[in-house]
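For reference, entry-v9.txt (compact mmCIF, C-alpha atoms and all ligand atoms):
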# COMPACT_ATOMS: atom_id res chain seq x y z
CA MET L 1 21.42 13.67 21.25
CA THR L 2 18.34 13.42 19.03
CA ILE L 3 14.82 14.80 19.13
CA VAL L 4 13.84 11.51 20.79
CA THR L 5 16.39 12.14 23.54
CA ASP L 6 14.92 15.61 24.05
CA ALA L 7 11.42 14.20 24.14
CA LYS L 8 12.39 11.49 26.62
CA ASN L 9 14.02 14.18 28.80
CA GLY L 10 10.81 16.19 28.81
CA LYS L 11 12.07 18.96 26.53
CA ILE L 12 9.69 20.52 23.99
CA THR L 13 11.75 21.57 20.95
CA GLU L 14 10.93 24.16 18.27
CA GLU L 15 10.16 21.37 15.82
CA MET L 16 7.60 19.90 18.21
CA LYS L 17 5.97 23.33 18.62
CA ILE L 18 5.78 23.84 14.85
CA VAL L 19 4.22 20.44 14.22
CA ALA L 20 1.82 20.93 17.13
CA LYS L 21 0.61 24.18 15.56
CA MET L 22 0.20 22.56 12.14
CA GLU L 23 -1.82 19.71 13.63
CA GLY L 24 -3.85 21.75 16.12
CA LYS L 25 -2.37 19.78 19.03
CA ASP L 26 -0.71 20.67 22.28
CA PRO L 27 3.12 20.59 22.02
CA GLU L 28 3.14 18.25 25.00
CA PHE L 29 1.07 15.78 22.96
CA ILE L 30 3.77 15.78 20.27
CA ARG L 31 6.57 15.45 22.83
CA ARG L 32 4.92 12.46 24.47
CA GLY L 33 4.31 10.84 21.09
CA ILE L 34 7.95 11.20 20.06
CA ALA L 35 9.21 9.99 23.46
CA ALA L 36 7.02 6.90 23.16
CA GLY L 37 7.96 6.27 19.51
CA ARG L 38 4.41 6.83 18.27
CA ILE L 39 5.19 10.07 16.38
CA VAL L 40 8.15 11.10 14.20
CA ILE L 41 9.24 14.41 12.70
CA PRO L 42 11.84 13.58 10.01
CA MET L 43 14.68 16.12 10.19
CA THR L 44 18.20 16.59 8.87
CA PRO L 45 21.17 18.78 9.79
CA TYR L 46 22.03 19.13 6.08
CA ARG L 47 18.93 20.82 4.67
CA ASN L 48 16.02 23.00 5.72
CA VAL L 49 12.86 20.96 5.35
CA LYS L 50 9.19 21.71 5.76
CA LEU L 51 8.49 19.81 8.98
CA CYS L 52 5.94 17.05 8.86
CA GLY L 53 4.68 15.07 11.83
CA ILE L 54 3.74 11.44 11.17
CA GLY L 55 2.03 9.16 13.65
CA GLU L 56 -0.76 8.51 16.08
CA GLY L 57 -3.18 11.38 16.60
CA LEU L 58 -1.92 13.33 13.57
CA LYS L 59 -3.46 13.77 10.14
CA THR L 60 -2.65 11.01 7.64
CA LYS L 61 0.32 11.93 5.46
CA VAL L 62 0.99 11.14 1.79
CA ASN L 63 4.32 10.25 0.21
CA ALA L 64 5.09 10.47 -3.51
CA SER L 65 7.91 8.33 -4.90
CA ILE L 66 9.90 9.33 -7.97
CA GLY L 67 13.28 8.43 -9.46
CA SER L 68 15.06 7.40 -12.64
CA SER L 69 15.27 3.79 -13.82
CA SER L 70 17.87 1.92 -15.82
CA ASP L 71 15.71 2.55 -18.91
CA ILE L 72 14.69 6.18 -18.41
CA VAL L 73 17.07 8.81 -17.09
CA ASP L 74 15.86 12.38 -17.43
CA GLU L 75 17.33 14.56 -14.70
CA GLU L 76 15.18 17.60 -15.37
CA MET L 77 12.06 15.45 -15.52
CA GLU L 78 12.81 14.02 -12.08
CA VAL L 79 13.21 17.53 -10.67
CA ALA L 80 9.97 18.58 -12.38
CA LYS L 81 8.16 15.55 -10.92
CA ALA L 82 9.45 16.37 -7.44
CA LYS L 83 8.22 19.97 -7.72
CA ALA L 84 4.87 18.81 -9.14
CA ALA L 85 4.43 16.32 -6.28
CA GLU L 86 5.04 19.07 -3.72
CA ALA L 87 2.65 21.43 -5.51
CA ALA L 88 -0.02 18.71 -5.70
CA GLY L 89 0.03 18.25 -1.94
CA ALA L 90 2.51 15.48 -1.12
CA ASP L 91 3.76 15.63 2.47
CA THR L 92 7.03 13.83 1.72
CA LEU L 93 8.90 12.58 -1.31
CA MET L 94 10.94 9.42 -1.81
CA GLU L 95 13.68 9.71 -4.42
CA LEU L 96 14.29 6.13 -5.53
CA GLY L 97 16.36 6.61 -8.67
CA THR L 98 18.40 3.67 -9.90
CA GLY L 99 19.51 4.95 -13.31
CA GLY L 100 22.19 7.39 -14.44
CA ASP L 101 24.03 9.51 -11.91
CA PHE L 102 21.46 8.92 -9.20
CA LEU L 103 23.41 10.82 -6.54
CA ARG L 104 23.49 13.95 -8.67
CA ILE L 105 19.80 13.64 -9.48
CA ARG L 106 18.94 13.14 -5.81
CA LYS L 107 20.95 16.22 -4.86
CA LYS L 108 19.09 18.27 -7.49
CA VAL L 109 15.77 17.01 -6.19
CA CYS L 110 16.70 17.77 -2.57
CA ASP L 111 17.72 21.29 -3.61
CA ALA L 112 14.52 21.84 -5.61
CA ILE L 113 11.91 21.12 -2.94
CA SER L 114 11.32 21.76 0.74
CA LEU L 115 9.73 18.40 1.56
CA SER L 116 11.41 15.70 3.63
CA VAL L 117 13.08 13.35 1.17
CA GLY L 118 13.37 9.62 1.69
CA SER L 119 15.72 7.18 -0.01
CA VAL L 120 16.73 3.52 -0.06
CA PRO L 121 20.49 3.27 0.43
CA LEU L 122 20.75 -0.37 -0.54
CA TYR L 123 19.71 0.41 -4.12
CA GLN L 124 22.83 2.55 -4.43
CA ALA L 125 25.04 -0.04 -2.72
CA PHE L 126 23.90 -2.88 -4.98
CA ILE L 127 23.90 -0.88 -8.22
CA GLU L 128 27.34 0.59 -7.60
CA ALA L 129 28.62 -2.94 -6.94
CA ALA L 130 27.07 -4.13 -10.20
CA ARG L 131 28.62 -1.24 -12.12
CA ARG L 132 31.99 -1.80 -10.45
CA ASP L 133 32.24 -5.60 -10.30
CA GLY L 134 29.62 -6.83 -12.75
CA SER L 135 26.99 -8.15 -10.36
CA ILE L 136 24.96 -7.12 -7.32
CA VAL L 137 26.27 -10.18 -5.48
CA HIS L 138 29.64 -8.43 -5.17
CA MET L 139 28.26 -5.75 -2.90
CA THR L 140 30.26 -5.40 0.29
CA GLU L 141 29.07 -4.42 3.74
CA ASP L 142 31.04 -1.19 3.45
CA ASP L 143 29.09 -0.36 0.30
CA LEU L 144 25.95 -0.34 2.43
CA TRP L 145 27.39 1.89 5.14
CA ASN L 146 28.98 4.25 2.62
CA ALA L 147 25.75 4.61 0.65
CA THR L 148 23.80 5.30 3.83
CA GLU L 149 26.22 8.04 4.88
CA ALA L 150 26.45 9.55 1.39
CA GLN L 151 22.66 9.77 1.08
CA ALA L 152 22.28 11.24 4.57
CA LYS L 153 24.77 13.98 3.72
CA LEU L 154 22.73 14.87 0.62
CA GLY L 155 19.87 15.72 2.96
CA THR L 156 17.66 12.66 2.60
CA ASN L 157 16.17 12.48 6.05
CA PHE L 158 14.23 9.25 6.17
CA MET L 159 15.48 5.99 4.76
CA ALA L 160 13.79 2.72 3.94
CA ILE L 161 16.27 0.16 5.20
CA HIS L 162 15.62 -3.54 4.80
CA THR L 163 16.52 -4.67 8.31
CA GLY L 164 13.89 -7.38 8.50
CA ILE L 165 15.09 -9.74 5.76
CA ASN L 166 17.08 -12.33 7.66
CA ASN L 167 17.72 -16.04 7.18
CA ILE L 168 14.63 -17.01 9.16
CA VAL L 169 12.44 -14.85 6.91
CA LEU L 170 13.96 -16.39 3.77
CA ASP L 171 13.38 -19.89 5.18
CA ARG L 172 9.71 -18.99 5.61
CA LEU L 173 9.59 -17.58 2.06
CA LYS L 174 11.17 -20.69 0.51
CA ALA L 175 9.07 -23.12 2.53
CA HIS L 176 5.79 -21.41 1.75
CA GLY L 177 6.37 -20.18 -1.84
CA ARG L 178 4.60 -17.29 -3.50
CA TYR L 179 1.93 -16.96 -6.20
CA GLY L 180 3.26 -13.56 -7.21
CA GLY L 181 6.96 -13.84 -6.36
CA LEU L 182 8.79 -11.02 -4.67
CA CYS L 183 7.99 -7.50 -5.91
CA SER L 184 10.27 -5.41 -3.69
CA ARG L 185 13.51 -4.34 -5.38
CA GLY L 186 15.21 -4.17 -1.99
CA GLY L 187 13.89 -7.60 -1.10
CA ALA L 188 15.03 -9.04 -4.43
CA PHE L 189 18.53 -7.53 -4.17
CA MET L 190 19.14 -8.54 -0.57
CA SER L 191 17.66 -12.04 -0.75
CA SER L 192 19.72 -12.77 -3.89
CA TRP L 193 22.89 -11.49 -2.23
CA MET L 194 22.24 -13.60 0.88
CA LEU L 195 21.64 -16.72 -1.18
CA HIS L 196 24.73 -16.26 -3.35
CA ASN L 197 27.08 -15.39 -0.51
CA GLN L 198 25.47 -17.68 2.06
CA LYS L 199 25.55 -14.80 4.52
CA GLU L 200 23.17 -13.07 6.89
CA ASN L 201 21.80 -9.65 5.88
CA PRO L 202 24.37 -7.10 7.16
CA LEU L 203 21.58 -4.62 7.87
CA TYR L 204 20.21 -7.14 10.36
CA GLU L 205 23.47 -8.68 11.58
CA HIS L 206 25.12 -5.29 12.20
CA PHE L 207 21.97 -3.39 13.05
CA ASP L 208 23.66 -1.55 15.92
CA TYR L 209 26.31 -0.15 13.59
CA LEU L 210 23.58 0.96 11.19
CA CYS L 211 21.82 2.73 14.06
CA GLU L 212 25.01 4.58 14.97
CA ILE L 213 25.30 5.92 11.41
CA LEU L 214 21.64 6.96 11.33
CA LYS L 215 21.95 8.64 14.71
CA GLU L 216 25.04 10.60 13.67
CA HIS L 217 23.13 12.06 10.71
CA GLU L 218 19.70 12.32 12.43
CA VAL L 219 18.07 10.06 9.83
CA THR L 220 14.62 8.64 10.54
CA LEU L 221 14.67 4.87 10.03
CA SER L 222 11.84 3.39 7.99
CA THR L 223 12.12 -0.39 8.32
CA GLY L 224 11.78 -1.64 4.73
CA ASN L 225 9.12 -4.08 3.65
CA GLY L 226 11.08 -6.41 1.37
CA MET L 227 8.63 -9.30 1.78
CA ARG L 228 5.49 -7.37 0.89
CA ALA L 229 3.13 -9.31 -1.28
CA GLY L 230 3.01 -8.34 -4.94
CA ALA L 231 -0.16 -10.36 -5.43
CA ILE L 232 -3.38 -10.48 -3.45
CA HIS L 233 -3.09 -14.23 -2.90
CA ASP L 234 0.24 -13.78 -1.08
CA ALA L 235 -1.07 -11.14 1.33
CA THR L 236 -0.41 -11.68 5.02
CA ASP L 237 1.66 -14.81 4.44
CA ARG L 238 4.30 -16.22 6.77
CA ALA L 239 7.27 -14.44 5.16
CA GLN L 240 5.52 -11.06 5.40
CA ILE L 241 4.57 -11.59 9.03
CA GLN L 242 7.99 -12.96 9.96
CA GLU L 243 9.61 -9.85 8.48
CA LEU L 244 7.14 -7.65 10.37
CA ILE L 245 8.18 -9.33 13.64
CA ILE L 246 11.88 -8.76 12.92
CA ASN L 247 11.27 -5.18 11.78
CA SER L 248 9.23 -4.46 14.90
CA GLU L 249 12.05 -5.75 17.09
CA CYS L 250 14.59 -3.65 15.19
CA ALA L 251 12.33 -0.60 15.43
CA GLN L 252 12.03 -1.00 19.18
CA ARG L 253 15.78 -1.38 19.62
CA ALA L 254 16.52 1.67 17.43
CA HIS L 255 14.12 3.80 19.45
CA ASP L 256 14.94 2.49 22.92
CA LYS L 257 18.72 2.16 22.67
CA TYR L 258 19.67 4.79 20.06
CA ASP L 259 16.87 7.34 20.42
CA LEU L 260 16.16 7.07 16.70
CA GLN L 261 12.89 8.10 15.13
CA VAL L 262 11.40 5.02 13.47
CA ILE L 263 8.62 4.23 11.01
CA VAL L 264 7.57 0.67 10.18
CA GLU L 265 6.62 -0.10 6.56
CA GLY L 266 3.79 -2.38 5.57
CA PRO L 267 2.40 -4.06 2.47
CA GLY L 268 1.78 -4.14 -0.54
CA HIS L 269 -1.11 -5.99 -2.14
CA VAL L 270 -3.81 -6.68 0.48
CA PRO L 271 -7.47 -7.61 -0.02
CA LEU L 272 -9.90 -5.19 1.58
CA ASP L 273 -10.95 -7.56 4.36
CA GLU L 274 -7.34 -8.06 5.54
CA ILE L 275 -6.37 -4.40 5.76
CA GLU L 276 -7.64 -3.59 9.23
CA MET L 277 -6.06 -6.76 10.60
CA ASN L 278 -2.71 -5.82 9.01
CA VAL L 279 -2.79 -2.33 10.52
CA LYS L 280 -3.78 -3.54 13.98
CA LEU L 281 -1.21 -6.34 13.90
CA MET L 282 1.56 -3.97 12.90
CA LYS L 283 0.60 -1.44 15.56
CA ALA L 284 0.47 -4.15 18.22
CA MET L 285 3.80 -5.70 17.19
CA SER L 286 5.67 -2.41 17.08
CA ASN L 287 4.22 -0.74 20.17
CA GLY L 288 2.36 1.81 18.09
CA LYS L 289 5.16 3.00 15.79
CA PRO L 290 4.06 5.17 12.85
CA PHE L 291 2.83 2.84 10.13
CA TYR L 292 3.76 3.52 6.50
CA MET L 293 1.50 1.64 4.11
CA LEU L 294 2.89 1.04 0.62
CA GLY L 295 -0.42 1.27 -1.20
CA PRO L 296 -2.07 -1.08 -0.54
CA LEU L 297 -3.57 -2.39 -3.75
CA VAL L 298 -6.81 -4.22 -3.04
CA THR L 299 -7.04 -6.09 -6.35
CA ASP L 300 -4.52 -7.22 -8.95
CA ILE L 301 -6.62 -6.47 -12.03
CA GLY L 302 -6.67 -2.67 -12.14
CA ALA L 303 -3.59 -1.97 -14.29
CA GLY L 304 -3.86 1.56 -15.68
CA ARG L 305 -6.05 2.62 -12.77
CA ASP L 306 -4.00 1.26 -9.88
CA HIS L 307 -4.00 4.71 -8.27
CA ILE L 308 -7.74 4.20 -7.73
CA VAL L 309 -7.24 0.59 -6.60
CA THR L 310 -4.75 1.92 -4.08
CA ALA L 311 -6.96 4.78 -2.91
CA ILE L 312 -9.58 2.24 -1.86
CA GLY L 313 -7.01 0.34 0.21
CA ALA L 314 -5.32 3.47 1.47
CA ALA L 315 -8.60 4.92 2.75
CA ALA L 316 -9.35 1.67 4.59
CA SER L 317 -5.79 1.62 5.97
CA ALA L 318 -5.94 5.19 7.21
CA ALA L 319 -9.36 4.59 8.75
CA ALA L 320 -7.91 1.59 10.62
CA GLY L 321 -5.03 3.64 12.03
CA CYS L 322 -2.33 3.78 9.37
CA ASP L 323 -0.41 7.07 9.60
CA PHE L 324 1.45 7.43 6.32
CA LEU L 325 0.44 6.42 2.79
CA CYS L 326 2.72 5.85 -0.16
CA TYR L 327 0.92 6.88 -3.30
CA VAL L 328 0.56 4.71 -6.38
CA THR L 329 0.26 6.19 -9.86
CA PRO L 330 -1.72 5.09 -12.95
CA ALA L 331 1.60 3.76 -14.31
CA GLU L 332 2.01 1.19 -11.50
CA HIS L 333 3.15 -2.19 -12.82
CA LEU L 334 3.36 -0.70 -16.34
CA ALA L 335 6.03 2.00 -16.68
CA LEU L 336 8.07 4.67 -14.94
CA PRO L 337 5.57 7.37 -13.85
CA ASN L 338 5.62 10.59 -15.85
CA LEU L 339 4.73 14.04 -14.56
CA GLU L 340 0.98 13.62 -15.06
CA ASP L 341 1.06 10.23 -13.33
CA VAL L 342 2.78 11.76 -10.31
CA VAL L 343 0.21 14.55 -9.98
CA GLU L 344 -2.69 12.12 -10.40
CA GLY L 345 -1.17 9.76 -7.84
CA VAL L 346 -0.71 12.47 -5.23
CA LYS L 347 -4.18 13.94 -5.64
CA THR L 348 -5.83 10.53 -5.51
CA SER L 349 -3.91 9.59 -2.37
CA ARG L 350 -4.84 12.90 -0.76
CA ILE L 351 -8.50 11.93 -1.12
CA ALA L 352 -7.77 8.55 0.50
CA ALA L 353 -5.95 10.24 3.39
CA HIS L 354 -8.89 12.57 3.98
CA VAL L 355 -11.40 9.72 3.86
CA GLY L 356 -9.34 7.89 6.47
CA ASP L 357 -9.06 10.99 8.62
CA MET L 358 -12.85 11.40 8.53
CA VAL L 359 -13.00 8.13 10.46
CA LYS L 360 -9.99 8.74 12.73
CA TYR L 361 -10.67 12.37 13.56
CA LYS L 362 -14.27 13.44 13.26
CA GLU L 363 -13.31 17.13 13.01
CA SER L 364 -11.93 16.31 9.54
CA ARG L 365 -15.56 16.13 8.41
CA ASP L 366 -15.90 19.90 8.82
CA TRP L 367 -14.47 20.25 5.32
CA ASP L 368 -17.23 18.01 3.97
CA LEU L 369 -19.83 19.94 5.94
CA ALA L 370 -18.73 23.18 4.30
CA MET L 371 -18.92 21.54 0.86
CA GLY L 372 -22.37 20.13 1.60
CA ARG L 373 -23.66 23.58 2.47
CA ALA L 374 -22.03 25.17 -0.58
CA ARG L 375 -23.72 22.57 -2.80
CA ARG L 376 -27.08 23.13 -1.14
CA ASP L 377 -26.70 26.88 -1.70
CA LEU L 378 -25.47 26.36 -5.29
CA ASP L 379 -22.48 28.53 -4.40
CA TRP L 380 -20.17 27.45 -7.20
CA GLU L 381 -17.17 29.59 -6.29
CA LYS L 382 -17.29 28.21 -2.76
CA MET L 383 -17.54 24.68 -4.16
CA PHE L 384 -14.45 25.23 -6.31
CA SER L 385 -12.50 26.67 -3.41
CA LEU L 386 -13.38 23.67 -1.23
CA ALA L 387 -12.65 21.05 -3.88
CA LEU L 388 -9.42 19.11 -3.50
CA ASP L 389 -8.64 19.99 -7.12
CA PRO L 390 -10.34 23.35 -7.81
CA GLU L 391 -8.95 23.71 -11.35
CA LEU L 392 -10.23 20.30 -12.38
CA ALA L 393 -13.68 20.95 -10.92
CA ARG L 394 -13.92 24.35 -12.60
CA SER L 395 -12.73 23.08 -15.96
CA ILE L 396 -15.27 20.23 -16.05
CA ARG L 397 -18.15 22.60 -15.22
CA ASN L 398 -16.97 25.19 -17.74
CA SER L 399 -16.54 22.59 -20.48
CA ARG L 400 -20.29 21.89 -20.30
CA ALA L 401 -21.64 25.25 -19.15
CA PRO L 402 -25.37 25.32 -18.23
CA GLU L 403 -27.96 27.77 -19.55
CA ASP L 404 -28.95 28.53 -15.96
CA ALA L 405 -25.80 29.67 -14.15
CA ASP L 406 -27.17 28.42 -10.81
CA ALA L 407 -27.51 24.82 -11.94
CA CYS L 408 -25.27 22.48 -13.89
CA THR L 409 -25.94 20.51 -17.06
CA MET L 410 -26.63 17.30 -15.16
CA CYS L 411 -30.30 18.22 -14.49
CA GLY L 412 -30.42 21.64 -16.13
CA ASN L 413 -33.91 23.16 -15.72
CA TYR L 414 -34.80 20.43 -13.28
CA CYS L 415 -32.06 21.12 -10.77
CA ALA L 416 -33.29 19.35 -7.65
CA LEU L 417 -31.47 21.71 -5.31
CA LYS L 418 -32.94 24.77 -6.96
CA ILE L 419 -36.48 23.38 -6.89
CA VAL L 420 -36.27 22.48 -3.21
CA ASN L 421 -34.54 25.74 -2.24
CA LYS L 422 -37.47 27.62 -3.84
CA ASN L 423 -40.06 25.75 -1.78
CA TYR L 424 -38.35 25.05 1.53
CA ASN L 425 -35.76 26.51 3.81
CA LEU L 426 -33.80 23.46 4.84
CA ALA L 427 -30.70 25.40 5.80
CA LYS L 428 -28.91 24.36 8.98
S1 LIG C 501 -28.42 20.43 -11.75
FE1 LIG C 501 -28.59 18.51 -10.61
S2 LIG C 501 -26.46 17.84 -10.35
FE2 LIG C 501 -26.37 20.00 -10.97
S3 LIG C 501 -26.37 21.14 -9.05
FE3 LIG C 501 -28.53 20.96 -9.57
S4 LIG C 501 -29.19 19.08 -8.54
FE4 LIG C 501 -26.95 19.04 -8.54
Can you dump the structure from the file as structure tokens?
Amino acid sequence: MTIVTDAKNGKITEEMKIVAKMEGKDPEFIRRGIAAGRIVIPMTPYRNVKLCGIGEGLKTKVNASIGSSSDIVDEEMEVAKAKAAEAAGADTLMELGTGGDFLRIRKKVCDAISLSVGSVPLYQAFIEAARRDGSIVHMTEDDLWNATEAQAKLGTNFMAIHTGINNIVLDRLKAHGRYGGLCSRGGAFMSSWMLHNQKENPLYEHFDYLCEILKEHEVTLSTGNGMRAGAIHDATDRAQIQELIINSECAQRAHDKYDLQVIVEGPGHVPLDEIEMNVKLMKAMSNGKPFYMLGPLVTDIGAGRDHIVTAIGAAASAAAGCDFLCYVTPAEHLALPNLEDVVEGVKTSRIAAHVGDMVKYKESRDWDLAMGRARRDLDWEKMFSLALDPELARSIRNSRAPEDADACTMCGNYCALKIVNKNYNLAK
């Protein structure tokens, strides 16, 4: 029995009521969305989490990803990053550590925050095999199942699982080639293992067994995007679309047969004019499953400011119907994000989510209306309170304080708003 079973049976659960209240929706709307596979509420029997609804008709959500690497392992820093991401406004967190004692770090992170935590079990399976037997190619199928169970029991309640990389997808990849190679770690691990062992991906071949494990632990399946383009010129190529087809089929089976909650992941690096098409294609293929966009980056030349590059793509994605955005930090493509990178990434993605919501749900513009009026009235305290980052806004103004407290140092004595307010009453 899962929340999907309840929803299909017409039962409105407490979780549905809570999310309905948070979103300003009728609980029946949430129930119908979950029953149809268009909405998910990641949950876990192992940890109390702040519930978060993701999907059609709900506000766009933001995920922050953290985690150690083989080069940098700082357990306390990872916990600090997780807390900072939650404080900055992330809706969920993915803990993707691959260095040090990553299980212990993940447990600490899960204990430190109340957000839903996502993970990628195959990282653990491949890295443990490499540590044990010297190479990722020695991973066994049991390593995958054991890692999935172990991570579920830690309280990670949604998992990116690379179900869509099968032999057909790899044939497409090899036949077509790539300008920018393969940028997904999961995609790189699994495709290398398949090539070396001349075997089908166990996550695809034994998908039903995987679903049974996920169902037992109430994990939300996020079908991994191992073929996402890592370069603009590879966007929307045959390998990516073939994987999307397979992932959509897996998502449907998981929802229909196992009553699992399912999210479908998308690219990657995508030029601006291909974003809407990607979102609509994914929604059509998957019968409207919640869409989790990894970025997307709309140009390849923004290193150092890729959080801004991503915000442009993320806003366009959300406006087109994407439900869930994975942030990108200024360190993307350059280094493991530090604490400041994480905060900057979350806050930038929050702006993108709001911009998208302004298109999807017109009532989201009420926030902007309030800010517009506060600006007109030169009500600075109100402006700070309405700003997405009040401390930043206040500190910039204070760092260049005006002589006239009503204005700011941009126009000083010639404050346009002040001049017009003196001569007209334009208030509405
Ligand atoms: S001084 Fe210029 S920029 Fe500053 S509030 Fe007035 S009109 Fe706006």
Sort by chain and increasing residue number a table of all residues of chain L within 12 Å of ligand LIG 501 (chain C), each with its closest pair of atoms and their distance in Å to one decimal, counting all atoms listed in the file, and write it as JSON lines.
{"residue": "L:Gly372", "atom": "CA", "partner": "C:LIG501", "partner_atom": "FE4", "distance": 11.2}
{"residue": "L:Ala374", "atom": "CA", "partner": "C:LIG501", "partner_atom": "S3", "distance": 10.3}
{"residue": "L:Arg375", "atom": "CA", "partner": "C:LIG501", "partner_atom": "S3", "distance": 6.9}
{"residue": "L:Arg376", "atom": "CA", "partner": "C:LIG501", "partner_atom": "S3", "distance": 8.2}
{"residue": "L:Asp377", "atom": "CA", "partner": "C:LIG501", "partner_atom": "S3", "distance": 9.3}
{"residue": "L:Leu378", "atom": "CA", "partner": "C:LIG501", "partner_atom": "S3", "distance": 6.5}
{"residue": "L:Asp379", "atom": "CA", "partner": "C:LIG501", "partner_atom": "S3", "distance": 9.6}
{"residue": "L:Trp380", "atom": "CA", "partner": "C:LIG501", "partner_atom": "S3", "distance": 9.0}
{"residue": "L:Met383", "atom": "CA", "partner": "C:LIG501", "partner_atom": "S3", "distance": 10.7}
{"residue": "L:Arg397", "atom": "CA", "partner": "C:LIG501", "partner_atom": "FE2", "distance": 9.6}
{"residue": "L:Arg400", "atom": "CA", "partner": "C:LIG501", "partner_atom": "FE2", "distance": 11.3}
{"residue": "L:Ala401", "atom": "CA", "partner": "C:LIG501", "partner_atom": "FE2", "distance": 10.8}
{"residue": "L:Pro402", "atom": "CA", "partner": "C:LIG501", "partner_atom": "S1", "distance": 8.7}
{"residue": "L:Glu403", "atom": "CA", "partner": "C:LIG501", "partner_atom": "S1", "distance": 10.7}
{"residue": "L:Asp404", "atom": "CA", "partner": "C:LIG501", "partner_atom": "S1", "distance": 9.1}
{"residue": "L:Ala405", "atom": "CA", "partner": "C:LIG501", "partner_atom": "S1", "distance": 9.9}
{"residue": "L:Asp406", "atom": "CA", "partner": "C:LIG501", "partner_atom": "S3", "distance": 7.5}
{"residue": "L:Ala407", "atom": "CA", "partner": "C:LIG501", "partner_atom": "S1", "distance": 4.5}
{"residue": "L:Cys408", "atom": "CA", "partner": "C:LIG501", "partner_atom": "FE2", "distance": 4.0}
{"residue": "L:Thr409", "atom": "CA", "partner": "C:LIG501", "partner_atom": "S1", "distance": 5.9}
{"residue": "L:Met410", "atom": "CA", "partner": "C:LIG501", "partner_atom": "S2", "distance": 4.8}
{"residue": "L:Cys411", "atom": "CA", "partner": "C:LIG501", "partner_atom": "S1", "distance": 4.0}
{"residue": "L:Gly412", "atom": "CA", "partner": "C:LIG501", "partner_atom": "S1", "distance": 5.0}
{"residue": "L:Asn413", "atom": "CA", "partner": "C:LIG501", "partner_atom": "S1", "distance": 7.3}
{"residue": "L:Tyr414", "atom": "CA", "partner": "C:LIG501", "partner_atom": "S1", "distance": 6.6}
{"residue": "L:Cys415", "atom": "CA", "partner": "C:LIG501", "partner_atom": "FE3", "distance": 3.7}
{"residue": "L:Ala416", "atom": "CA", "partner": "C:LIG501", "partner_atom": "S4", "distance": 4.2}
{"residue": "L:Leu417", "atom": "CA", "partner": "C:LIG501", "partner_atom": "S4", "distance": 4.7}
{"residue": "L:Lys418", "atom": "CA", "partner": "C:LIG501", "partner_atom": "FE3", "distance": 6.4}
{"residue": "L:Ile419", "atom": "CA", "partner": "C:LIG501", "partner_atom": "S4", "distance": 8.6}
{"residue": "L:Val420", "atom": "CA", "partner": "C:LIG501", "partner_atom": "S4", "distance": 9.5}
{"residue": "L:Asn421", "atom": "CA", "partner": "C:LIG501", "partner_atom": "S4", "distance": 10.6}
Exercise. Taking all atoms listed in the file into account, which of L:Glu76, L:Lys11, L:Glu23, L:Lys17 comes nearest L:Leu339?
Worked result: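 Of L:Glu76, L:Lys11, L:Glu23, L:Lys17, the one nearest L:Leu339 is L:Glu76, counting all atoms listed in the file.
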Exercise. Given the choices L:His269, L:Lys257, L:His354, L:Lys83, which gets closest to L:Thr2 if the distance is worked out from all atoms listed in the file?
Worked result: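 The answer is L:Lys257, which sits nearest to L:Thr2.
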Seminar exercise, completed: L:Gln240 proximity check over L:Gly313, L:Pro296, L:Gly164, L:Gly321, using only C-alpha atoms: winner is L:Gly164
Problem set entry | Among the residues L:Val109, L:Ile245, L:Leu281, L:Val342, the one that comes closest to L:Ile165 [using all atoms listed in the file] |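 Using all atoms listed in the file, L:Ile165 sits closest to L:Ile245.
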